[in-house]
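Printed here is coords-v1.cif (mmCIF, C-alpha atoms):
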```cif
data_work
#
loop_
_atom_site.label_atom_id
_atom_site.label_comp_id
_atom_site.auth_asym_id
_atom_site.auth_seq_id
_atom_site.Cartn_x
_atom_site.Cartn_y
_atom_site.Cartn_z
CA MET A 8 -189.81 145.72 -59.08
CA THR A 9 -192.87 147.72 -60.15
CA LEU A 10 -193.45 148.82 -56.54
CA VAL A 11 -189.92 150.18 -56.38
CA ALA A 12 -190.41 151.90 -59.71
CA ALA A 13 -193.69 153.37 -58.54
CA LEU A 14 -192.13 154.62 -55.34
CA LEU A 15 -189.22 156.14 -57.19
CA GLY A 16 -191.63 157.74 -59.60
CA ALA A 17 -193.61 159.20 -56.73
CA VAL A 18 -190.49 160.57 -55.09
CA VAL A 19 -189.38 162.19 -58.35
CA ILE A 20 -192.78 163.75 -58.94
CA LEU A 21 -193.20 165.00 -55.39
CA GLY A 22 -189.63 166.18 -55.27
CA SER A 23 -189.84 168.12 -58.49
CA GLY A 24 -193.21 169.54 -57.46
CA ALA A 25 -191.72 170.79 -54.24
CA PHE A 26 -188.65 172.07 -56.06
CA LEU A 27 -190.80 173.84 -58.61
CA ALA A 28 -192.97 175.40 -55.92
CA LEU A 29 -189.96 176.63 -53.99
CA GLU A 30 -188.24 177.88 -57.15
CA LEU A 31 -191.23 179.84 -58.30
CA ARG A 32 -192.17 181.14 -54.89
CA ASP A 33 -189.90 184.13 -55.07
CA ASN A 34 -189.96 184.38 -58.83
CA ALA A 35 -191.00 187.85 -59.95
CA ARG A 36 -193.60 186.35 -62.24
CA GLY A 37 -194.80 183.82 -59.69
CA VAL A 38 -196.46 180.85 -61.28
CA ALA A 39 -198.50 182.90 -63.76
CA GLY A 40 -198.57 181.30 -67.16
CA THR A 41 -197.26 177.94 -65.96
CA VAL A 42 -199.12 174.65 -65.86
CA LEU A 43 -198.97 174.77 -62.07
CA GLY A 44 -200.56 178.21 -62.11
CA SER A 45 -203.37 177.36 -64.48
CA ALA A 46 -204.80 174.95 -61.92
CA ILE A 47 -206.15 177.86 -59.90
CA GLY A 48 -208.62 180.49 -61.05
CA GLY A 49 -211.34 180.54 -63.63
CA PRO A 50 -214.62 182.09 -64.65
CA PHE A 51 -217.21 183.30 -62.20
CA THR A 52 -220.40 185.35 -62.39
CA LEU A 53 -221.31 186.76 -59.01
CA VAL A 54 -223.07 189.72 -57.42
CA ASP A 55 -221.29 192.55 -55.61
CA GLN A 56 -222.28 194.39 -52.45
CA ASP A 57 -224.42 196.83 -54.43
CA GLY A 58 -226.32 194.07 -56.17
CA LYS A 59 -224.46 194.44 -59.48
CA THR A 60 -223.38 191.43 -61.48
CA VAL A 61 -219.61 191.03 -61.67
CA THR A 62 -217.72 188.55 -63.84
CA ASN A 63 -214.07 187.62 -63.66
CA THR A 64 -213.41 189.24 -67.05
CA ALA A 65 -214.71 192.57 -65.76
CA LEU A 66 -212.00 192.45 -63.09
CA GLU A 67 -209.10 191.89 -65.46
CA GLY A 68 -206.65 194.77 -65.83
CA LYS A 69 -205.81 194.93 -62.14
CA TRP A 70 -204.08 192.58 -59.76
CA LEU A 71 -206.56 190.82 -57.52
CA LEU A 72 -206.21 189.49 -53.98
CA VAL A 73 -208.99 186.91 -53.76
CA TYR A 74 -210.11 185.46 -50.43
CA PHE A 75 -212.96 183.02 -49.84
CA GLY A 76 -214.59 183.24 -46.40
CA TYR A 77 -217.83 184.15 -44.64
CA THR A 78 -219.08 186.89 -42.33
CA HIS A 79 -220.04 184.66 -39.39
CA CYS A 80 -216.38 183.91 -39.01
CA PRO A 81 -214.97 185.56 -35.87
CA ASP A 82 -211.31 184.82 -36.36
CA ALA A 83 -209.68 183.80 -39.67
CA CYS A 84 -211.65 186.03 -42.05
CA PRO A 85 -211.23 189.32 -40.17
CA THR A 86 -207.53 188.47 -39.85
CA ALA A 87 -207.12 187.83 -43.58
CA LEU A 88 -209.05 190.91 -44.67
CA ASN A 89 -207.30 193.13 -42.19
CA ASN A 90 -203.91 191.79 -43.29
CA ILE A 91 -204.87 192.57 -46.88
CA ALA A 92 -205.83 196.10 -45.88
CA LEU A 93 -202.51 196.60 -44.06
CA ALA A 94 -200.50 195.13 -46.94
CA LEU A 95 -202.19 197.49 -49.40
CA GLN A 96 -201.37 200.46 -47.20
CA ASP A 97 -197.73 199.42 -47.36
CA LEU A 98 -197.83 199.56 -51.15
CA GLY A 99 -198.26 203.31 -51.23
CA ALA A 100 -199.17 204.64 -54.67
CA LYS A 101 -199.06 201.16 -56.19
CA ARG A 102 -202.06 200.10 -54.14
CA ASP A 103 -204.40 201.37 -56.86
CA GLU A 104 -203.16 198.56 -59.08
CA VAL A 105 -204.49 195.93 -56.64
CA ARG A 106 -208.11 195.08 -55.90
CA PRO A 107 -209.06 192.93 -52.90
CA VAL A 108 -211.98 190.56 -53.56
CA PHE A 109 -213.88 188.77 -50.78
CA ILE A 110 -216.07 185.90 -51.98
CA THR A 111 -218.47 184.28 -49.55
CA ILE A 112 -218.82 180.52 -49.27
CA ASP A 113 -221.92 181.01 -47.11
CA PRO A 114 -224.33 182.69 -49.57
CA ALA A 115 -227.34 181.58 -47.49
CA ARG A 116 -226.47 184.08 -44.75
CA ASP A 117 -224.16 186.45 -46.64
CA THR A 118 -226.45 188.52 -48.83
CA SER A 119 -225.18 191.60 -50.70
CA ARG A 120 -226.44 193.76 -47.87
CA VAL A 121 -224.66 191.74 -45.22
CA MET A 122 -221.47 191.68 -47.30
CA LYS A 123 -221.58 195.44 -47.79
CA ASP A 124 -221.88 196.09 -44.04
CA TYR A 125 -219.09 193.66 -43.38
CA VAL A 126 -216.42 194.97 -45.73
CA THR A 127 -216.92 198.64 -44.95
CA ALA A 128 -215.32 197.91 -41.58
CA PHE A 129 -211.99 197.25 -43.26
CA ASP A 130 -209.73 200.03 -44.45
CA ALA A 131 -209.57 198.88 -48.07
CA PRO A 132 -211.78 198.95 -51.19
CA ILE A 133 -212.84 195.33 -50.87
CA LEU A 134 -215.14 193.99 -53.57
CA ALA A 135 -217.54 191.69 -51.73
CA LEU A 136 -219.12 189.00 -53.87
CA THR A 137 -222.01 186.66 -53.24
CA GLY A 138 -224.55 184.91 -55.45
CA PRO A 139 -226.77 181.86 -55.87
CA PRO A 140 -225.27 178.70 -54.34
CA ALA A 141 -224.53 177.26 -57.80
CA ALA A 142 -222.57 180.34 -58.85
CA ILE A 143 -220.58 180.29 -55.61
CA ALA A 144 -219.93 176.58 -56.09
CA GLU A 145 -218.56 177.24 -59.59
CA ALA A 146 -216.23 179.98 -58.37
CA ALA A 147 -215.01 177.85 -55.48
CA LYS A 148 -214.44 174.88 -57.75
CA ASN A 149 -212.34 176.97 -60.13
CA TYR A 150 -210.19 178.20 -57.28
CA ARG A 151 -209.95 174.72 -55.76
CA VAL A 152 -211.58 176.06 -52.61
CA TYR A 153 -213.04 173.47 -50.24
CA TYR A 154 -215.95 174.54 -48.08
CA ALA A 155 -218.47 172.68 -45.93
CA LYS A 156 -221.07 173.43 -43.27
CA HIS A 157 -220.34 172.35 -39.76
CA PRO A 158 -223.57 172.37 -37.72
CA GLU A 159 -223.44 173.67 -34.16
CA ALA A 160 -225.86 173.63 -31.26
CA GLY A 161 -229.01 175.67 -31.64
CA GLY A 162 -229.23 175.49 -35.42
CA ASP A 163 -226.12 177.60 -35.95
CA TYR A 164 -223.31 176.48 -38.18
CA SER A 165 -219.74 177.40 -38.92
CA MET A 166 -218.05 176.87 -42.26
CA ASP A 167 -214.91 174.85 -42.79
CA HIS A 168 -213.12 176.47 -45.70
CA THR A 169 -209.81 176.70 -47.52
CA SER A 170 -208.18 179.78 -46.10
CA LEU A 171 -205.79 181.26 -48.64
CA ILE A 172 -205.34 184.64 -50.33
CA TYR A 173 -204.90 184.15 -54.07
CA VAL A 174 -202.91 186.70 -56.05
CA MET A 175 -204.24 186.95 -59.61
CA ASP A 176 -202.40 188.99 -62.25
CA PRO A 177 -204.10 191.56 -64.52
CA LYS A 178 -204.75 188.77 -67.05
CA GLY A 179 -206.64 186.78 -64.41
CA ARG A 180 -203.87 184.21 -63.97
CA PHE A 181 -203.00 182.75 -60.58
CA THR A 182 -199.57 184.04 -59.61
CA ALA A 183 -198.96 183.46 -55.90
CA SER A 184 -200.77 182.84 -52.63
CA PHE A 185 -200.57 183.95 -49.00
CA THR A 186 -201.63 182.08 -45.89
CA GLY A 187 -202.81 183.30 -42.50
CA GLU A 188 -199.19 183.03 -41.34
CA ASP A 189 -197.98 185.66 -43.78
CA LEU A 190 -197.60 189.06 -42.17
CA PRO A 191 -198.86 192.19 -43.96
CA GLU A 192 -195.26 193.43 -44.41
CA GLN A 193 -194.28 190.15 -46.07
CA MET A 194 -197.30 190.29 -48.35
CA ALA A 195 -196.47 193.88 -49.31
CA GLU A 196 -192.86 192.91 -50.11
CA ARG A 197 -193.96 190.11 -52.40
CA LEU A 198 -196.58 192.30 -54.06
CA LYS A 199 -194.03 195.07 -54.67
CA LYS A 200 -191.84 192.56 -56.54
CA LEU A 201 -194.77 191.33 -58.61
CA LEU A 202 -195.99 194.83 -59.41
CA SER A 203 -192.63 196.13 -60.57
CA MET B 15 -160.00 152.56 28.24
CA ARG B 16 -162.14 152.57 25.19
CA PRO B 17 -163.57 156.00 24.52
CA VAL B 18 -167.21 156.25 25.39
CA ARG B 19 -169.37 157.69 22.73
CA GLN B 20 -170.43 161.04 23.93
CA PRO B 21 -174.08 161.90 23.43
CA LEU B 22 -174.57 164.90 21.10
CA GLY B 23 -174.27 168.14 22.98
CA LYS B 24 -177.56 169.59 24.12
CA ASP B 25 -176.92 172.71 22.07
CA VAL B 26 -176.41 170.77 18.89
CA VAL B 27 -179.65 168.88 19.41
CA LYS B 28 -181.47 172.10 19.98
CA ALA B 29 -179.98 173.58 16.84
CA ILE B 30 -181.01 170.61 14.73
CA ARG B 31 -184.52 170.65 16.15
CA THR B 32 -184.89 174.34 15.34
CA LEU B 33 -183.59 173.75 11.85
CA ILE B 34 -186.08 170.96 11.24
CA PHE B 35 -188.87 173.13 12.59
CA VAL B 36 -187.93 176.06 10.37
CA VAL B 37 -187.52 173.94 7.25
CA GLY B 38 -190.86 172.25 8.00
CA LEU B 39 -192.48 175.63 8.40
CA VAL B 40 -191.15 176.83 5.07
CA PHE B 41 -192.47 173.75 3.27
CA ALA B 42 -195.79 173.96 5.07
CA THR B 43 -196.35 177.58 4.15
CA GLY B 44 -195.21 176.85 0.61
CA ALA B 45 -197.79 174.09 0.30
CA VAL B 46 -200.50 176.23 1.80
CA SER B 47 -199.87 179.18 -0.50
CA ALA B 48 -199.94 176.90 -3.54
CA GLN B 49 -203.39 175.79 -2.49
CA THR B 50 -204.73 179.25 -1.87
CA GLY B 51 -202.72 180.85 -4.76
CA ARG B 52 -205.27 182.47 -7.01
CA LEU B 53 -206.20 181.77 -10.57
CA GLU B 54 -205.40 184.85 -12.64
CA VAL B 55 -207.04 186.13 -15.78
CA ASP B 56 -205.08 188.77 -17.70
CA ASN B 57 -205.03 190.54 -21.03
CA ALA B 58 -208.73 190.19 -21.73
CA TRP B 59 -209.31 191.69 -25.17
CA ALA B 60 -211.63 191.38 -28.13
CA ARG B 61 -211.72 192.58 -31.72
CA ALA B 62 -214.08 195.27 -32.97
CA THR B 63 -216.75 193.66 -35.11
CA PRO B 64 -217.55 194.64 -38.68
CA GLY B 65 -220.79 196.38 -39.57
CA LYS B 66 -223.80 194.57 -38.29
CA SER B 67 -221.97 191.33 -37.68
CA ALA B 68 -223.47 189.63 -34.64
CA ILE B 69 -220.44 187.44 -33.99
CA GLY B 70 -217.39 188.46 -32.01
CA ALA B 71 -214.33 186.87 -30.44
CA ALA B 72 -212.71 187.48 -27.06
CA TYR B 73 -209.26 186.35 -25.94
CA VAL B 74 -207.63 186.05 -22.50
CA THR B 75 -204.58 184.65 -20.75
CA ILE B 76 -205.29 182.39 -17.78
CA ARG B 77 -202.86 181.08 -15.22
CA SER B 78 -203.91 178.75 -12.41
CA PRO B 79 -201.54 177.53 -9.67
CA THR B 80 -203.42 174.24 -9.51
CA ALA B 81 -204.92 172.22 -12.34
CA ASP B 82 -208.30 173.60 -13.33
CA LYS B 83 -210.59 173.93 -16.36
CA LEU B 84 -212.51 176.75 -17.98
CA VAL B 85 -215.98 175.32 -18.44
CA ALA B 86 -218.24 178.22 -19.33
CA ALA B 87 -218.31 181.88 -20.33
CA SER B 88 -220.99 184.52 -20.48
CA SER B 89 -221.42 188.24 -21.04
CA PRO B 90 -224.35 190.62 -20.97
CA ILE B 91 -223.34 191.89 -24.40
CA ALA B 92 -224.01 188.59 -26.19
CA LYS B 93 -226.73 185.97 -26.08
CA LYS B 94 -224.17 183.29 -25.52
CA ALA B 95 -220.43 182.88 -25.26
CA GLU B 96 -218.85 179.61 -26.37
CA MET B 97 -215.33 178.30 -26.37
CA HIS B 98 -214.01 177.37 -29.80
CA THR B 99 -210.76 176.34 -31.29
CA MET B 100 -209.41 177.01 -34.79
CA SER B 101 -207.30 174.49 -36.59
CA MET B 102 -205.79 174.44 -40.06
CA GLU B 103 -205.93 171.02 -41.66
CA GLY B 104 -203.89 171.37 -44.78
CA MET B 105 -205.13 174.69 -46.07
CA VAL B 106 -208.63 174.27 -44.65
CA MET B 107 -209.62 176.36 -41.65
CA LYS B 108 -211.94 174.61 -39.22
CA MET B 109 -213.61 175.98 -36.14
CA ARG B 110 -214.90 173.59 -33.51
CA PRO B 111 -216.62 174.09 -30.14
CA VAL B 112 -214.73 172.77 -27.13
CA ALA B 113 -216.46 171.63 -23.93
CA GLY B 114 -213.76 173.12 -21.77
CA ILE B 115 -210.22 174.45 -21.79
CA ASP B 116 -207.74 172.59 -19.58
CA LEU B 117 -205.51 174.73 -17.40
CA PRO B 118 -202.41 172.78 -16.30
CA ALA B 119 -201.02 173.82 -12.92
CA GLY B 120 -198.76 176.85 -13.09
CA GLN B 121 -198.97 177.19 -16.88
CA ALA B 122 -200.28 180.25 -18.69
CA VAL B 123 -202.89 179.37 -21.28
CA THR B 124 -203.39 182.11 -23.87
CA LEU B 125 -206.40 182.34 -26.13
CA GLN B 126 -205.38 184.13 -29.35
CA PRO B 127 -206.36 184.56 -33.00
CA GLY B 128 -205.82 181.39 -34.96
CA GLY B 129 -206.30 179.25 -31.86
CA LEU B 130 -208.64 179.09 -28.88
CA HIS B 131 -211.13 181.89 -28.50
CA ILE B 132 -214.38 182.71 -26.78
CA MET B 133 -216.94 183.23 -29.50
CA LEU B 134 -219.56 185.82 -28.63
CA VAL B 135 -222.80 184.88 -30.34
CA ASP B 136 -225.64 187.29 -31.11
CA LEU B 137 -224.07 190.52 -29.97
CA ALA B 138 -226.59 193.10 -28.78
CA LYS B 139 -224.53 195.77 -30.56
CA PRO B 140 -221.38 195.70 -32.69
CA LEU B 141 -218.17 195.96 -30.67
CA LYS B 142 -216.31 199.23 -31.17
CA ALA B 143 -212.59 199.73 -30.65
CA GLY B 144 -212.01 201.53 -27.36
CA GLN B 145 -215.01 200.19 -25.50
CA THR B 146 -214.88 197.65 -22.68
CA PHE B 147 -217.37 195.02 -21.58
CA PRO B 148 -217.60 192.46 -18.77
CA LEU B 149 -216.93 188.79 -19.42
CA THR B 150 -217.62 186.15 -16.77
CA LEU B 151 -215.52 183.01 -16.89
CA THR B 152 -216.54 179.92 -14.91
CA PHE B 153 -213.89 177.47 -13.78
CA GLU B 154 -214.40 173.94 -12.54
CA LYS B 155 -212.54 174.57 -9.27
CA ALA B 156 -211.97 178.29 -8.98
CA GLY B 157 -215.57 179.29 -9.54
CA SER B 158 -216.52 182.42 -11.49
CA LYS B 159 -214.39 185.39 -12.32
CA THR B 160 -215.49 188.51 -14.16
CA VAL B 161 -213.00 190.55 -16.16
CA ASN B 162 -213.19 193.73 -18.19
CA VAL B 163 -212.50 193.09 -21.86
CA ALA B 164 -210.82 195.84 -23.91
CA VAL B 165 -211.99 196.06 -27.52
CA GLU B 166 -209.17 196.52 -30.04
CA LYS B 167 -209.36 197.27 -33.77
CA ILE B 168 -210.78 194.74 -36.18
CA GLY B 169 -208.22 192.13 -37.16
CA ALA B 170 -205.96 193.08 -34.23
CA MET B 171 -203.60 190.26 -33.31
CA GLY B 172 -203.22 191.09 -29.63
CA PRO B 173 -204.15 193.50 -26.85
CA ALA B 174 -202.58 196.92 -27.24
CA ALA B 175 -200.81 197.11 -23.89
CA ALA B 176 -199.42 193.59 -23.67
CA PRO B 177 -196.02 192.55 -25.04
CA GLN B 178 -196.33 191.00 -28.50
CA HIS B 179 -194.81 187.61 -29.10
#
```

Show this structure as structure tokens.
Amino acid sequence: MTLVAALLGAVVILGSGAFLALELRDNARGVAGTVLGSAIGGPFTLVDQDGKTVTNTALEGKWLLVYFGYTHCPDACPTALNNIALALQDLGAKRDEVRPVFITIDPARDTSRVMKDYVTAFDAPILALTGPPAAIAEAAKNYRVYYAKHPEAGGDYSMDHTSLIYVMDPKGRFTASFTGEDLPEQMAERLKKLLS
Amino acid sequence: MRPVRQPLGKDVVKAIRTLIFVVGLVFATGAVSAQTGRLEVDNAWARATPGKSAIGAAYVTIRSPTADKLVAASSPIAKKAEMHTMSMEGMVMKMRPVAGIDLPAGQAVTLQPGGLHIMLVDLAKPLKAGQTFPLTLTFEKAGSKTVNVAVEKIGAMGPAAAPQH
């Protein structure tokens, strides 16, 4: 009897979670301000590409597109950052209300200097953040970002990492997310709705 | 009198023999051309690399008439070239080296962003959109082939000239 109850309970919870996620997906306000939304995002104190300290509160006031990745990443990270750049171009004048933020999960190799070189290749004003491993760990934990080293031959390593673009509203609240499957045009459409 | 079975006319026999010969010839040449049909490498392209990044990625489409395997890659522009695959497990992106890429007979295998790619490690110089560089691919059966790789813009999802899908 209890097993059945537990199973039913699980179905209800999963079902309503899925329903909620689908419902809010196209909602103009996204999940900002909801319990679901508050699970993602939080304080961080990191260092930008010019060596300046940047905290999450300093970034409030604009919409943020936050992506966690690393520069030794030949495929997913350039795709995500380039998609962000293309989506911002689609926004026209509204693009000034959105700030892309690239946070490294490989601070050992991605120093401010390296990050600065990296992001200048993309056609967007990307804020590139790095910092001591503990600070990066805190930021990643707050965004529920998983990352781990995967050693390769010759002492090299790649990083496994959660690959999502988080949309944070001007109050620093998680509102929506994009995956690598989302095309720039689709991202721009969603952003236009959120910005209006 | 019971009718005697007539032997097939000489002309008919000749016709059938010729037919068998011709059909056999067609099959024989078909089999031969499948054996000597060449492995093709098309649409070799790479993405421009950011800043001083020493890592790049190259993509190609390979079609082999017979089963084969891509076992190695190299280029003068990088210290080493390794085959990797990307996979998303849940929302986590993972990149793993692969020892080889199987090429089933007659099937086009396309390396593209988000999937298989040839990682170029320790680039001598950053890759710039518009340049080309040689890439040598070594196959288990077909030996080595060198292609010219066209560098596209950073974050490009495919080669400029090829049809997008």

Using all atoms listed in the file and a distance of at most 10 Å, pull out the residues of chain B that contact chain A, as an MDAnalysis selection string. chainID B and resid 61:72 99:111 126:135 167:171

My list of candidates is B:Gly120, B:Pro173, B:Pro90, B:Gly144. Which is closest to Asp56 (chain B) when distances are computed with all atoms listed in the file?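 Using all atoms listed in the file, the shortest distance to Asp56 (chain B) belongs to B:Pro173.
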
Excluding same-chain residues fewer than 5 positions from Ala138 (chain B), what lies within 8 Å of it counting only C-alpha atoms, as an mmCIF file with C-alpha atoms, in the frame of the given file?
```
data_model
loop_
_atom_site.group_PDB
_atom_site.id
_atom_site.type_symbol
_atom_site.label_atom_id
_atom_site.label_comp_id
_atom_site.auth_asym_id
_atom_site.auth_seq_id
_atom_site.Cartn_x
_atom_site.Cartn_y
_atom_site.Cartn_z
ATOM 1 C CA ALA B 68 -223.470 189.630 -34.640
ATOM 2 C CA ILE B 91 -223.340 191.890 -24.400
ATOM 3 C CA ALA B 92 -224.010 188.590 -26.190
ATOM 4 C CA LYS B 93 -226.730 185.970 -26.080
#
```

Residues within 6 Å of Ala87 (chain B), all atoms listed in the file, excluding chain neighbours under 6 positions, as a PyMOL selection string: chain B and resi 95+150-151

Answer key for the PyMOL selection byres ((chain A and resi 46-50) around 12), residues as number ranges by chain: A: 38-45, 51-53, 61-67, 71-74, 142-152, 171-176, 178-184

When you draw a straight line from CA of Gly162 (chain A) to CA of Phe75 (chain A), how long is it in Å?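 Taking CA of Gly162 (chain A) and CA of Phe75 (chain A), their separation equals 23.0 Å.
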
Work out how far CA of Leu93 (chain A) is from CA of Asp57 (chain A), in Å to one decimal. 24.2 Å

Can you tell me how far CA of Leu134 (chain A) sits from CA of Val108 (chain A), in Å to one decimal?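 According to the coordinates, CA of Leu134 (chain A) and CA of Val108 (chain A) are separated by 4.7 Å.
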
Taking the file as I've supplied it (selection: the PyMOL selection byres ((chain A and resi 54) around 6)), which residues are included? Please answer as a list in words.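 With the shown file as input, the PyMOL selection byres ((chain A and resi 54) around 6) matches Leu53, Asp55, Gly58, Lys59, Thr60, Val61, Leu136, Thr137 and Gly138 of chain A.
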
Please identify all polymer residues lying at most 7 Å from the point (-199.0, 177.1, -13.0) (file coordinates), using all atoms listed in the file, and present the result as a list of chain:residue names.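 Collected hits near the coordinates: B:Arg77, B:Ser78, B:Pro79, B:Thr80, B:Pro118, B:Ala119, B:Gly120, B:Gln121, B:Ala122.
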
Applying the PyMOL selection byres ((chain B and resi 158) around 12) to the file I just gave you, which residues come out? Please list them as a PyMOL selection string. chain B and resi 53-55+83-88+149-157+159-161

Selection from above, C-alpha atoms, as a PDB file, keeping the file's coordinate frame, can you write it?
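So the final result, stored in result_5.pdb, reads:
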```pdb
ATOM      1  CA  LEU B  53    -206.200 181.770 -10.570  1.00  0.00           C
ATOM      2  CA  GLU B  54    -205.400 184.850 -12.640  1.00  0.00           C
ATOM      3  CA  VAL B  55    -207.040 186.130 -15.780  1.00  0.00           C
ATOM      4  CA  LYS B  83    -210.590 173.930 -16.360  1.00  0.00           C
ATOM      5  CA  LEU B  84    -212.510 176.750 -17.980  1.00  0.00           C
ATOM      6  CA  VAL B  85    -215.980 175.320 -18.440  1.00  0.00           C
ATOM      7  CA  ALA B  86    -218.240 178.220 -19.330  1.00  0.00           C
ATOM      8  CA  ALA B  87    -218.310 181.880 -20.330  1.00  0.00           C
ATOM      9  CA  SER B  88    -220.990 184.520 -20.480  1.00  0.00           C
ATOM     10  CA  LEU B 149    -216.930 188.790 -19.420  1.00  0.00           C
ATOM     11  CA  THR B 150    -217.620 186.150 -16.770  1.00  0.00           C
ATOM     12  CA  LEU B 151    -215.520 183.010 -16.890  1.00  0.00           C
ATOM     13  CA  THR B 152    -216.540 179.920 -14.910  1.00  0.00           C
ATOM     14  CA  PHE B 153    -213.890 177.470 -13.780  1.00  0.00           C
ATOM     15  CA  GLU B 154    -214.400 173.940 -12.540  1.00  0.00           C
ATOM     16  CA  LYS B 155    -212.540 174.570  -9.270  1.00  0.00           C
ATOM     17  CA  ALA B 156    -211.970 178.290  -8.980  1.00  0.00           C
ATOM     18  CA  GLY B 157    -215.570 179.290  -9.540  1.00  0.00           C
ATOM     19  CA  LYS B 159    -214.390 185.390 -12.320  1.00  0.00           C
ATOM     20  CA  THR B 160    -215.490 188.510 -14.160  1.00  0.00           C
ATOM     21  CA  VAL B 161    -213.000 190.550 -16.160  1.00  0.00           C
TER      22      VAL B 161
END
```

Assuming the input is short of atoms at region 143-156 of chain B, produce N, CA and C atoms for that part as a PDB file, in the frame of the given file.
```pdb
ATOM      1  N   ALA B 143    -213.922 199.579 -31.231  1.00  0.00           N
ATOM      2  CA  ALA B 143    -212.590 199.730 -30.650  1.00  0.00           C
ATOM      3  C   ALA B 143    -212.630 200.828 -29.592  1.00  0.00           C
ATOM      4  N   GLY B 144    -212.048 200.542 -28.438  1.00  0.00           N
ATOM      5  CA  GLY B 144    -212.010 201.530 -27.360  1.00  0.00           C
ATOM      6  C   GLY B 144    -213.022 201.258 -26.265  1.00  0.00           C
ATOM      7  N   GLN B 145    -214.047 200.465 -26.557  1.00  0.00           N
ATOM      8  CA  GLN B 145    -215.010 200.190 -25.500  1.00  0.00           C
ATOM      9  C   GLN B 145    -214.533 199.025 -24.650  1.00  0.00           C
ATOM     10  N   THR B 146    -215.184 198.825 -23.490  1.00  0.00           N
ATOM     11  CA  THR B 146    -214.880 197.650 -22.680  1.00  0.00           C
ATOM     12  C   THR B 146    -216.207 196.985 -22.320  1.00  0.00           C
ATOM     13  N   PHE B 147    -216.153 195.713 -22.025  1.00  0.00           N
ATOM     14  CA  PHE B 147    -217.370 195.020 -21.580  1.00  0.00           C
ATOM     15  C   PHE B 147    -216.978 193.908 -20.618  1.00  0.00           C
ATOM     16  N   PRO B 148    -217.915 193.508 -19.729  1.00  0.00           N
ATOM     17  CA  PRO B 148    -217.600 192.460 -18.770  1.00  0.00           C
ATOM     18  C   PRO B 148    -217.765 191.071 -19.371  1.00  0.00           C
ATOM     19  N   LEU B 149    -216.871 190.181 -18.985  1.00  0.00           N
ATOM     20  CA  LEU B 149    -216.930 188.790 -19.420  1.00  0.00           C
ATOM     21  C   LEU B 149    -216.758 187.928 -18.179  1.00  0.00           C
ATOM     22  N   THR B 150    -217.710 187.021 -17.944  1.00  0.00           N
ATOM     23  CA  THR B 150    -217.620 186.150 -16.770  1.00  0.00           C
ATOM     24  C   THR B 150    -217.166 184.771 -17.195  1.00  0.00           C
ATOM     25  N   LEU B 151    -216.063 184.326 -16.593  1.00  0.00           N
ATOM     26  CA  LEU B 151    -215.520 183.010 -16.890  1.00  0.00           C
ATOM     27  C   LEU B 151    -215.784 182.094 -15.719  1.00  0.00           C
ATOM     28  N   THR B 152    -216.269 180.873 -15.994  1.00  0.00           N
ATOM     29  CA  THR B 152    -216.540 179.920 -14.910  1.00  0.00           C
ATOM     30  C   THR B 152    -215.554 178.773 -14.982  1.00  0.00           C
ATOM     31  N   PHE B 153    -214.896 178.520 -13.860  1.00  0.00           N
ATOM     32  CA  PHE B 153    -213.890 177.470 -13.780  1.00  0.00           C
ATOM     33  C   PHE B 153    -214.403 176.327 -12.926  1.00  0.00           C
ATOM     34  N   GLU B 154    -213.972 175.134 -13.251  1.00  0.00           N
ATOM     35  CA  GLU B 154    -214.400 173.940 -12.540  1.00  0.00           C
ATOM     36  C   GLU B 154    -214.129 174.039 -11.050  1.00  0.00           C
ATOM     37  N   LYS B 155    -212.908 174.507 -10.687  1.00  0.00           N
ATOM     38  CA  LYS B 155    -212.540 174.570  -9.270  1.00  0.00           C
ATOM     39  C   LYS B 155    -212.600 175.981  -8.738  1.00  0.00           C
ATOM     40  N   ALA B 156    -212.125 176.938  -9.519  1.00  0.00           N
ATOM     41  CA  ALA B 156    -211.970 178.290  -8.980  1.00  0.00           C
ATOM     42  C   ALA B 156    -213.251 179.109  -9.005  1.00  0.00           C
TER      43      ALA B 156
END
```
